[in-house]
file query.cif (mmCIF, C-alpha atoms)
data_data
loop_
_atom_site.group_PDB
_atom_site.id
_atom_site.type_symbol
_atom_site.label_atom_id
_atom_site.label_comp_id
_atom_site.auth_asym_id
_atom_site.auth_seq_id
_atom_site.Cartn_x
_atom_site.Cartn_y
_atom_site.Cartn_z
ATOM 1 C CA MET A 786 -41.500 -2.559 12.688
ATOM 2 C CA PHE A 787 -38.758 -0.127 11.905
ATOM 3 C CA THR A 788 -35.479 -1.353 10.510
ATOM 4 C CA ILE A 789 -32.215 0.259 9.460
ATOM 5 C CA LEU A 790 -32.115 0.975 5.762
ATOM 6 C CA LYS A 791 -29.265 -0.630 3.874
ATOM 7 C CA ARG A 792 -26.429 1.842 3.491
ATOM 8 C CA LYS A 793 -25.635 2.745 -0.088
ATOM 9 C CA LYS A 794 -22.667 4.943 0.699
ATOM 10 C CA LYS A 795 -19.446 4.151 2.479
ATOM 11 C CA GLU A 796 -20.017 6.911 4.983
ATOM 12 C CA ILE A 797 -23.193 7.779 6.842
ATOM 13 C CA SER A 798 -23.822 11.048 8.638
ATOM 14 C CA GLN A 799 -25.845 11.183 11.839
ATOM 15 C CA THR A 800 -26.608 13.824 14.432
ATOM 16 C CA ARG A 801 -26.560 13.291 18.171
ATOM 17 C CA LEU A 802 -29.268 13.875 20.672
ATOM 18 C CA SER A 803 -28.354 17.207 22.196
ATOM 19 C CA ILE A 804 -29.846 19.962 24.265
ATOM 20 C CA PRO A 805 -27.974 23.318 23.976
ATOM 21 C CA LEU A 806 -26.314 24.505 27.172
ATOM 22 C CA THR A 807 -28.265 27.735 27.428
ATOM 23 C CA VAL A 808 -30.694 27.486 30.335
ATOM 24 C CA ARG A 809 -30.029 29.786 33.299
ATOM 25 C CA LEU A 810 -30.207 28.136 36.741
ATOM 26 C CA SER A 811 -31.844 29.379 39.897
ATOM 27 C CA LYS A 812 -30.336 29.143 43.379
ATOM 28 C CA THR A 813 -28.753 26.089 44.993
ATOM 29 C CA ARG A 814 -32.021 25.011 46.544
ATOM 30 C CA VAL A 815 -33.159 23.804 43.104
ATOM 31 C CA LEU A 816 -30.732 20.916 43.480
ATOM 32 C CA SER A 817 -32.489 19.640 46.579
ATOM 33 C CA ILE A 818 -35.821 18.962 44.851
ATOM 34 C CA LEU A 819 -37.231 15.570 45.736
ATOM 35 C CA PRO A 820 -36.568 12.744 43.229
ATOM 36 C CA VAL A 821 -40.253 12.649 42.307
ATOM 37 C CA CYS A 822 -39.793 16.033 40.627
ATOM 38 C CA ALA A 823 -37.363 14.428 38.202
ATOM 39 C CA PHE A 824 -40.184 12.190 36.993
ATOM 40 C CA ILE A 825 -42.428 15.203 36.443
ATOM 41 C CA ILE A 826 -39.689 17.025 34.540
ATOM 42 C CA THR A 827 -39.065 13.937 32.417
ATOM 43 C CA THR A 828 -42.721 13.800 31.405
ATOM 44 C CA LEU A 829 -42.776 17.480 30.508
ATOM 45 C CA LEU A 830 -39.582 17.345 28.478
ATOM 46 C CA MET A 831 -40.395 14.216 26.504
ATOM 47 C CA PRO A 832 -42.039 15.883 23.487
ATOM 48 C CA VAL A 833 -39.073 18.129 22.755
ATOM 49 C CA VAL A 834 -36.253 15.588 22.847
ATOM 50 C CA GLU A 835 -35.071 14.764 19.363
ATOM 51 C CA PRO A 836 -31.872 14.457 17.339
ATOM 52 C CA ALA A 837 -30.610 18.020 17.080
ATOM 53 C CA THR A 838 -28.047 19.616 14.832
ATOM 54 C CA THR A 839 -26.044 22.608 15.958
ATOM 55 C CA HIS A 840 -25.662 24.814 12.906
ATOM 56 C CA ALA A 841 -22.570 26.886 12.291
ATOM 57 C CA GLY A 842 -23.081 30.617 12.133
ATOM 58 C CA GLY A 843 -21.380 33.964 12.537
ATOM 59 C CA GLY A 844 -18.100 34.251 10.685
ATOM 60 C CA VAL A 845 -17.609 30.514 10.250
ATOM 61 C CA GLY A 846 -17.036 29.581 6.653
ATOM 62 C CA ALA A 847 -16.147 33.072 5.439
ATOM 63 C CA SER A 848 -14.203 32.869 2.212
ATOM 64 C CA ALA A 849 -11.953 35.907 2.350
ATOM 65 C CA GLY A 850 -10.861 38.956 4.322
ATOM 66 C CA SER A 851 -9.940 39.342 7.986
ATOM 67 C CA ASP A 852 -12.904 37.165 8.972
ATOM 68 C CA ALA A 853 -11.651 34.116 7.045
ATOM 69 C CA PRO A 854 -11.518 30.871 9.054
ATOM 70 C CA HIS A 855 -8.326 29.303 10.361
ATOM 71 C CA ALA A 856 -7.764 25.543 10.247
ATOM 72 C CA ALA A 857 -5.121 23.621 12.140
ATOM 73 C CA GLY A 858 -2.471 22.101 9.905
ATOM 74 C CA GLY A 859 -0.492 18.908 10.310
ATOM 75 C CA ASN A 860 -3.058 17.058 12.402
ATOM 76 C CA HIS A 861 -6.545 15.600 12.225
ATOM 77 C CA ILE A 862 -8.329 18.293 14.218
ATOM 78 C CA LYS A 863 -9.675 21.018 11.951
ATOM 79 C CA GLU A 864 -10.296 24.240 13.851
ATOM 80 C CA VAL A 865 -12.668 26.359 11.776
ATOM 81 C CA VAL A 866 -12.691 29.638 13.675
ATOM 82 C CA SER A 867 -13.068 33.105 12.182
ATOM 83 C CA GLU A 868 -10.522 35.817 12.924
ATOM 84 C CA ARG A 869 -12.848 37.743 15.218
ATOM 85 C CA PHE A 870 -13.321 34.698 17.461
ATOM 86 C CA GLN A 871 -9.675 33.584 17.496
ATOM 87 C CA LYS A 872 -8.591 35.328 20.707
ATOM 88 C CA LYS A 873 -11.526 33.976 22.691
ATOM 89 C CA TYR A 874 -11.256 30.492 21.201
ATOM 90 C CA GLN A 875 -7.524 30.214 21.889
ATOM 91 C CA LYS A 876 -8.129 31.225 25.507
ATOM 92 C CA TRP A 877 -10.749 28.495 25.937
ATOM 93 C CA LYS A 878 -8.560 25.933 24.200
ATOM 94 C CA ALA A 879 -5.580 26.825 26.419
ATOM 95 C CA GLU A 880 -7.787 26.381 29.484
ATOM 96 C CA TYR A 881 -8.839 22.924 28.313
ATOM 97 C CA LEU A 882 -5.254 21.945 27.484
ATOM 98 C CA SER A 883 -4.010 23.166 30.871
ATOM 99 C CA THR A 884 -5.109 19.774 32.220
ATOM 100 C CA LYS A 885 -3.607 16.374 31.517
ATOM 101 C CA VAL A 886 -7.014 14.929 30.639
ATOM 102 C CA GLY A 887 -7.548 17.716 28.106
ATOM 103 C CA GLN A 888 -4.126 17.164 26.560
ATOM 104 C CA GLU A 889 -4.655 13.406 26.277
ATOM 105 C CA GLN A 890 -8.054 13.759 24.626
ATOM 106 C CA TRP A 891 -6.792 16.404 22.202
ATOM 107 C CA GLU A 892 -3.727 14.386 21.226
ATOM 108 C CA LYS A 893 -5.842 11.266 20.736
ATOM 109 C CA TYR A 894 -7.724 12.883 17.862
ATOM 110 C CA ALA A 895 -4.928 15.114 16.590
ATOM 111 C CA HIS A 896 -2.850 12.033 15.762
ATOM 112 C CA SER A 897 -5.629 9.678 14.670
ATOM 113 C CA SER A 898 -5.161 8.962 10.964
ATOM 114 C CA ASN A 899 -8.580 7.271 10.770
ATOM 115 C CA PHE A 900 -10.625 10.064 12.325
ATOM 116 C CA THR A 901 -11.222 13.740 11.589
ATOM 117 C CA LEU A 902 -12.548 16.031 14.304
ATOM 118 C CA THR A 903 -13.796 19.466 13.277
ATOM 119 C CA ILE A 904 -14.261 22.238 15.848
ATOM 120 C CA ILE A 905 -16.383 25.219 14.842
ATOM 121 C CA MET A 906 -16.946 28.502 16.655
ATOM 122 C CA SER A 907 -20.473 29.718 15.955
ATOM 123 C CA GLU A 908 -22.224 32.973 16.735
ATOM 124 C CA GLU A 909 -25.543 31.258 16.052
ATOM 125 C CA ALA A 910 -24.950 28.710 18.846
ATOM 126 C CA GLY A 911 -24.699 31.526 21.402
ATOM 127 C CA ARG A 912 -24.062 30.178 24.896
ATOM 128 C CA GLY A 913 -24.534 26.591 23.824
ATOM 129 C CA ALA A 914 -22.433 23.806 22.378
ATOM 130 C CA GLY A 915 -23.171 20.638 20.449
ATOM 131 C CA THR A 916 -21.670 17.703 18.599
ATOM 132 C CA ASP A 917 -23.043 16.272 15.365
ATOM 133 C CA GLN A 918 -22.159 15.319 11.776
ATOM 134 C CA TYR A 919 -20.975 11.900 12.915
ATOM 135 C CA ARG A 920 -19.795 9.632 10.112
ATOM 136 C CA TRP A 921 -18.993 5.943 10.073
ATOM 137 C CA ASN A 922 -17.309 3.688 7.529
ATOM 138 C CA ASP A 923 -18.801 0.415 6.292
ATOM 139 C CA SER A 924 -17.268 -1.423 9.245
ATOM 140 C CA GLY A 925 -19.186 0.736 11.721
ATOM 141 C CA GLN A 926 -16.085 2.646 12.818
ATOM 142 C CA LEU A 927 -16.603 6.316 13.662
ATOM 143 C CA ILE A 928 -14.423 8.368 11.307
ATOM 144 C CA ALA A 929 -15.614 11.962 11.765
ATOM 145 C CA ALA A 930 -17.524 14.323 14.054
ATOM 146 C CA THR A 931 -18.020 18.062 14.458
ATOM 147 C CA ILE A 932 -18.037 20.023 17.718
ATOM 148 C CA THR A 933 -19.698 23.442 17.636
ATOM 149 C CA LEU A 934 -19.009 25.980 20.372
ATOM 150 C CA GLY A 935 -21.168 29.064 20.716
ATOM 151 C CA ASP A 936 -19.267 32.338 20.735
ATOM 152 C CA GLN A 937 -20.728 32.993 24.202
ATOM 153 C CA ALA A 938 -20.043 29.535 25.636
ATOM 154 C CA ASP A 939 -18.187 31.238 28.480
ATOM 155 C CA GLU A 940 -21.577 32.390 29.794
ATOM 156 C CA GLY A 941 -24.833 30.660 30.731
ATOM 157 C CA PHE A 942 -25.546 27.541 32.755
ATOM 158 C CA PRO A 943 -27.653 24.527 31.730
ATOM 159 C CA SER A 944 -30.370 22.710 33.650
ATOM 160 C CA PRO A 945 -29.174 20.155 36.219
ATOM 161 C CA PHE A 946 -31.561 17.536 34.801
ATOM 162 C CA ASN A 947 -29.169 16.431 32.042
ATOM 163 C CA TYR A 948 -26.154 18.488 33.123
ATOM 164 C CA PRO A 949 -25.535 17.966 36.866
ATOM 165 C CA VAL A 950 -21.826 18.807 36.510
ATOM 166 C CA THR A 951 -21.780 21.864 34.238
ATOM 167 C CA SER A 952 -24.821 23.375 35.947
ATOM 168 C CA SER A 953 -23.016 23.242 39.291
ATOM 169 C CA LEU A 954 -20.547 25.919 38.206
ATOM 170 C CA ALA A 955 -23.343 28.362 39.031
ATOM 171 C CA HIS A 956 -23.309 27.229 42.672
ATOM 172 C CA THR A 957 -20.072 28.447 44.219
ATOM 173 C CA GLU A 958 -21.531 30.342 47.183
ATOM 174 C CA PRO A 959 -20.186 32.404 48.870
ATOM 175 C CA PHE A 960 -17.986 32.995 45.815
ATOM 176 C CA PRO A 961 -19.320 34.270 42.456
ATOM 177 C CA PRO A 962 -20.417 31.662 39.858
ATOM 178 C CA ILE A 963 -17.596 30.305 37.716
ATOM 179 C CA SER A 964 -17.897 31.523 34.144
ATOM 180 C CA GLY A 965 -15.338 32.677 31.592
ATOM 181 C CA SER A 966 -12.764 30.309 30.159
ATOM 182 C CA ILE A 967 -13.289 27.589 32.795
ATOM 183 C CA LEU A 968 -16.999 27.357 31.951
ATOM 184 C CA ALA A 969 -16.278 27.299 28.204
ATOM 185 C CA ALA A 970 -13.571 24.649 28.655
ATOM 186 C CA THR A 971 -15.992 22.552 30.729
ATOM 187 C CA LYS A 972 -18.495 22.669 27.868
ATOM 188 C CA LEU A 973 -15.703 21.708 25.460
ATOM 189 C CA ALA A 974 -14.782 18.751 27.710
ATOM 190 C CA HIS A 975 -18.456 17.730 27.688
ATOM 191 C CA GLU A 976 -18.492 17.719 23.872
ATOM 192 C CA PHE A 977 -15.254 15.720 23.698
ATOM 193 C CA GLY A 978 -17.058 13.270 25.967
ATOM 194 C CA HIS A 979 -19.778 12.856 23.349
ATOM 195 C CA VAL A 980 -17.212 12.102 20.646
ATOM 196 C CA ILE A 981 -15.456 9.545 22.840
ATOM 197 C CA GLN A 982 -18.691 7.821 23.834
ATOM 198 C CA VAL A 983 -20.141 7.658 20.317
ATOM 199 C CA GLY A 984 -16.841 6.193 19.159
ATOM 200 C CA THR A 985 -17.292 3.270 21.552
ATOM 201 C CA ALA A 986 -21.072 2.904 21.185
ATOM 202 C CA ASP A 987 -22.976 0.460 18.990
ATOM 203 C CA ALA A 988 -23.104 2.401 15.710
ATOM 204 C CA ARG A 989 -26.183 0.575 14.414
ATOM 205 C CA LEU A 990 -28.160 1.235 17.602
ATOM 206 C CA PHE A 991 -27.067 4.887 17.733
ATOM 207 C CA GLN A 992 -28.195 5.456 14.140
ATOM 208 C CA LEU A 993 -31.434 3.560 14.728
ATOM 209 C CA GLN A 994 -32.222 5.716 17.755
ATOM 210 C CA ASN A 995 -31.647 8.908 15.772
ATOM 211 C CA LYS A 996 -33.895 7.571 13.015
ATOM 212 C CA LEU A 997 -36.778 6.535 15.275
ATOM 213 C CA ILE A 998 -36.798 9.365 17.829
ATOM 214 C CA PRO A 999 -38.552 11.855 15.472
ATOM 215 C CA ILE A 1000 -41.152 9.176 14.672
ATOM 216 C CA TYR A 1001 -41.720 8.540 18.382
ATOM 217 C CA ASN A 1002 -42.131 12.263 19.094
ATOM 218 C CA HIS A 1003 -44.555 12.722 16.185
ATOM 219 C CA ILE A 1004 -46.797 9.927 17.467
ATOM 220 C CA LEU A 1005 -46.569 11.244 21.031
ATOM 221 C CA LEU A 1006 -47.734 14.706 19.993
ATOM 222 C CA SER A 1007 -50.576 13.326 17.882
ATOM 223 C CA ASN A 1008 -51.982 10.865 20.452
ATOM 224 C CA GLY A 1009 -52.423 13.303 23.331
ATOM 225 C CA ARG A 1010 -49.048 12.416 24.862
ATOM 226 C CA ASN A 1011 -50.124 8.910 25.736
ATOM 227 C CA THR A 1012 -46.851 7.110 26.497
ATOM 228 C CA SER A 1013 -48.739 3.809 26.876
ATOM 229 C CA ASP A 1014 -49.570 3.788 23.167
ATOM 230 C CA PRO A 1015 -48.568 0.326 21.815
ATOM 231 C CA LYS A 1016 -46.763 1.994 18.909
ATOM 232 C CA LEU A 1017 -44.608 4.013 21.301
ATOM 233 C CA LEU A 1018 -43.909 0.988 23.469
ATOM 234 C CA GLU A 1019 -42.710 -0.901 20.397
ATOM 235 C CA LEU A 1020 -40.498 1.996 19.303
ATOM 236 C CA ALA A 1021 -39.018 2.309 22.798
ATOM 237 C CA LYS A 1022 -38.274 -1.408 22.750
ATOM 238 C CA GLN A 1023 -36.409 -1.081 19.453
ATOM 239 C CA MET A 1024 -34.495 1.983 20.641
ATOM 240 C CA LYS A 1025 -33.839 0.479 24.095
ATOM 241 C CA GLY A 1026 -35.384 3.497 25.781
ATOM 242 C CA THR A 1027 -37.610 6.523 25.330
ATOM 243 C CA PRO A 1028 -36.208 9.705 23.758
ATOM 244 C CA VAL A 1029 -35.878 11.280 27.216
ATOM 245 C CA GLU A 1030 -34.041 8.245 28.589
ATOM 246 C CA ILE A 1031 -31.733 8.056 25.574
ATOM 247 C CA GLY A 1032 -31.024 11.772 25.694
ATOM 248 C CA GLN A 1033 -30.231 11.766 29.390
ATOM 249 C CA ASP A 1034 -28.009 8.705 29.057
ATOM 250 C CA ARG A 1035 -25.939 10.390 26.340
ATOM 251 C CA GLU A 1036 -25.659 13.699 28.172
ATOM 252 C CA LEU A 1037 -24.731 12.115 31.502
ATOM 253 C CA TRP A 1038 -21.914 10.163 29.876
ATOM 254 C CA ALA A 1039 -20.603 13.434 28.431
ATOM 255 C CA GLU A 1040 -20.960 15.110 31.834
ATOM 256 C CA SER A 1041 -18.684 12.478 33.375
ATOM 257 C CA TYR A 1042 -15.903 13.762 31.100
ATOM 258 C CA ALA A 1043 -16.648 17.333 32.139
ATOM 259 C CA LEU A 1044 -16.209 16.199 35.746
ATOM 260 C CA SER A 1045 -12.801 14.677 34.965
ATOM 261 C CA PHE A 1046 -11.701 18.046 33.583
ATOM 262 C CA LEU A 1047 -13.010 19.990 36.580
ATOM 263 C CA ARG A 1048 -11.425 17.665 39.129
ATOM 264 C CA GLU A 1049 -8.027 18.382 37.637
ATOM 265 C CA ARG A 1050 -8.584 22.072 36.915
ATOM 266 C CA CYS A 1051 -10.306 23.023 40.176
ATOM 267 C CA PRO A 1052 -8.905 21.507 43.400
ATOM 268 C CA GLU A 1053 -11.664 20.245 45.679
ATOM 269 C CA ASP A 1054 -10.897 22.749 48.415
ATOM 270 C CA GLY A 1055 -10.903 26.478 48.980
ATOM 271 C CA GLU A 1056 -13.106 28.484 46.636
ATOM 272 C CA TYR A 1057 -13.922 25.407 44.517
ATOM 273 C CA LYS A 1058 -15.166 23.207 47.351
ATOM 274 C CA SER A 1059 -18.789 24.280 46.909
ATOM 275 C CA ILE A 1060 -18.755 23.191 43.234
ATOM 276 C CA PHE A 1061 -18.229 19.551 44.103
ATOM 277 C CA LYS A 1062 -20.829 19.682 46.873
ATOM 278 C CA ALA A 1063 -23.291 21.028 44.293
ATOM 279 C CA ILE A 1064 -22.294 18.325 41.787
ATOM 280 C CA LYS A 1065 -22.853 15.585 44.383
ATOM 281 C CA SER A 1066 -26.266 17.015 45.246
ATOM 282 C CA ALA A 1067 -27.289 17.362 41.589
ATOM 283 C CA VAL A 1068 -26.194 13.829 40.698
ATOM 284 C CA GLU A 1069 -28.090 12.402 43.677
ATOM 285 C CA SER A 1070 -31.215 14.352 42.686
ATOM 286 C CA TYR A 1071 -31.218 13.864 38.915
ATOM 287 C CA ALA A 1072 -28.893 10.985 38.044
ATOM 288 C CA LYS A 1073 -29.011 8.640 41.018
ATOM 289 C CA GLU A 1074 -29.203 5.552 38.792
ATOM 290 C CA HIS A 1075 -25.977 6.620 37.058
ATOM 291 C CA MET A 1076 -23.867 7.637 40.056
ATOM 292 C CA ASP A 1077 -21.107 5.178 39.142
ATOM 293 C CA ARG A 1078 -20.195 7.425 36.208
ATOM 294 C CA PHE A 1079 -19.358 10.269 38.576
ATOM 295 C CA ARG A 1080 -17.246 8.514 41.198
#

call {"tool": "encode", "arguments": {"input": "query.cif", "output": "structure tokens"}}
result
Amino acid sequence: MFTILKRKKKEISQTRLSIPLTVRLSKTRVLSILPVCAFIITTLLMPVVEPATTHAGGGVGASAGSDAPHAAGGNHIKEVVSERFQKKYQKWKAEYLSTKVGQEQWEKYAHSSNFTLTIIMSEEAGRGAGTDQYRWNDSGQLIAATITLGDQADEGFPSPFNYPVTSSLAHTEPFPPISGSILAATKLAHEFGHVIQVGTADARLFQLQNKLIPIYNHILLSNGRNTSDPKLLELAKQMKGTPVEIGQDRELWAESYALSFLRERCPEDGEYKSIFKAIKSAVESYAKEHMDRFR
């Protein structure tokens, strides 16, 4: 049996299950793969799913000079972005805040006296993004989280398996794929989705999952990837899912927030029409059991 250790501090830090948004997609026909392929992909991905931390890099945290970080004052969102990334970051932020949903989510945390959101721009994260460094108080209330955006988040598309919305920005035929500030803002909306969802989730279960997932993966790799191992079945029961299932559940919730941003930013007609056709196809192929989240 695995149990949660008694907390000795008032605040506990946890990382979320995350897969960086860095995988390049192939053509639209990938989205039409039969559902059975999703099962095969799930089996192949299982060993690598684990709580991941996106580490800050590049100029973040510089102490002096023109590369020193800037932090927002007068609110509870700390923007730790070096001078050389400021222009790009402000463009992405403006894109996100050009929508009502983006404004509402930003204001929610900017004026929350009981929560601190930190946003970091990281060269090390490249084309990816991630959210981690979650902290809770003794009452189980989420009081802090950190979003990390790669300095090239305006490029690169993820796999449709966990990211049926963001991946679809690559499928805008006959128009070119959507990249640039819209892509980066979509990834930012996805990460805000993680913060929102973790804030409403069962804190004890979330922390337990992050604690047991590495143990599950270690056993899986040492037993010849036998998912019927009684030890793994017991761990999955405690976690209420396998690492792959937990990871996909978290990412799909975050993707639903990315969709809310895109629906407002990109009208479902004209040059953007193909995006929503691709999203529908990807959700039906890879997230059919969770379609209600994307209605």

call {"tool": "closest_residue", "arguments": {"input": "query.cif", "among": "A:Thr1027, A:Gln1033, A:Gly1055, A:Ile904", "to": "A:Glu1074", "atoms": "only C-alpha atoms"}}
result
A:Gln1033

call {"tool": "atom_distance", "arguments": {"input": "query.cif", "atom1": "atom CA of A:Ile1064", "atom2": "atom CA of A:Glu880"}}
result
20.7 Å

call {"tool": "resolve_selection", "arguments": {"input": "query.cif", "expression": "the PyMOL selection byres ((chain A and resi 973-987) around 8)", "output": "number ranges by chain"}}
result
A: 881, 887, 890, 914-916, 926-927, 930, 932, 934, 969-972, 988-991, 1035-1036, 1038-1043, 1046

call {"tool": "resolve_selection", "arguments": {"input": "query.cif", "expression": "the PyMOL selection byres ((chain A and resi 1060) around 8)", "output": "list in words"}}
result
Ser953, Leu954, His956, Thr957, Tyr1057, Lys1058, Ser1059, Phe1061, Lys1062, Ala1063 and Ile1064 of chain A

call {"tool": "write_last_selection", "arguments": {"input": "query.cif", "atoms": "C-alpha atoms", "output": "short mmCIF file (atom, residue, chain, number, x, y, z; two decimals), in the frame of the given file"}}
result
data_model
loop_
_atom_site.label_atom_id
_atom_site.label_comp_id
_atom_site.auth_asym_id
_atom_site.auth_seq_id
_atom_site.Cartn_x
_atom_site.Cartn_y
_atom_site.Cartn_z
CA SER A 953 -23.02 23.24 39.29
CA LEU A 954 -20.55 25.92 38.21
CA HIS A 956 -23.31 27.23 42.67
CA THR A 957 -20.07 28.45 44.22
CA TYR A 1057 -13.92 25.41 44.52
CA LYS A 1058 -15.17 23.21 47.35
CA SER A 1059 -18.79 24.28 46.91
CA PHE A 1061 -18.23 19.55 44.10
CA LYS A 1062 -20.83 19.68 46.87
CA ALA A 1063 -23.29 21.03 44.29
CA ILE A 1064 -22.29 18.32 41.79
#

call {"tool": "residues_around", "arguments": {"input": "query.cif", "residues": "A:Lys1065", "least_positions_apart": "5", "cutoff": "10 Å", "atoms": "only C-alpha atoms", "output": "CSV table (one decimal) with C-alpha atoms, in the coordinates of the input"}}
result
chain,number,residue,atom,x,y,z
A,816,LEU,CA,-30.7,20.9,43.5
A,949,PRO,CA,-25.5,18.0,36.9
A,950,VAL,CA,-21.8,18.8,36.5
A,953,SER,CA,-23.0,23.2,39.3
A,1059,SER,CA,-18.8,24.3,46.9
A,1060,ILE,CA,-18.8,23.2,43.2
A,1070,SER,CA,-31.2,14.4,42.7
A,1072,ALA,CA,-28.9,11.0,38.0
A,1073,LYS,CA,-29.0,8.6,41.0
A,1076,MET,CA,-23.9,7.6,40.1
A,1079,PHE,CA,-19.4,10.3,38.6
A,1080,ARG,CA,-17.2,8.5,41.2

call {"tool": "atom_distance", "arguments": {"input": "query.cif", "atom1": "atom CA of A:Glu908", "atom2": "atom CA of A:Pro961"}}
result
25.9 Å

call {"tool": "residues_near_point", "arguments": {"input": "query.cif", "point": "(-23.1, 27.0, 28.5)", "cutoff": "10 Å", "atoms": "all atoms listed in the file", "output": "list in words"}}
result
Pro805, Leu806, Thr807, Val808, Arg809, Ala910, Gly911, Arg912, Gly913, Ala914, Leu934, Gly935, Gln937, Ala938, Asp939, Glu940, Gly941, Phe942, Pro943, Ser944, Thr951, Ser952, Ser964, Leu968, Ala969, Ala970, Thr971, Lys972 and Leu973 of chain A

call {"tool": "atom_distance", "arguments": {"input": "query.cif", "atom1": "atom CA of A:Lys885", "atom2": "atom CA of A:Asp1034"}}
result
25.7 Å

call {"tool": "axis_aligned_box", "arguments": {"input": "query.cif", "around": "stretch 954-960 of chain A", "padding_each_side": "8 Å", "output": "lines of an AutoDock Vina configuration file"}}
result
center_x = -20.7
center_y = 29.5
center_z = 43.5
size_x = 21.4
size_y = 23.1
size_z = 26.7

call {"tool": "resolve_selection", "arguments": {"input": "query.cif", "expression": "the PyMOL selection byres ((chain A and resi 1020) around 12)", "output": "ChimeraX atom specification"}}
result
/A:786-788,993-1005,1012-1019,1021-1028
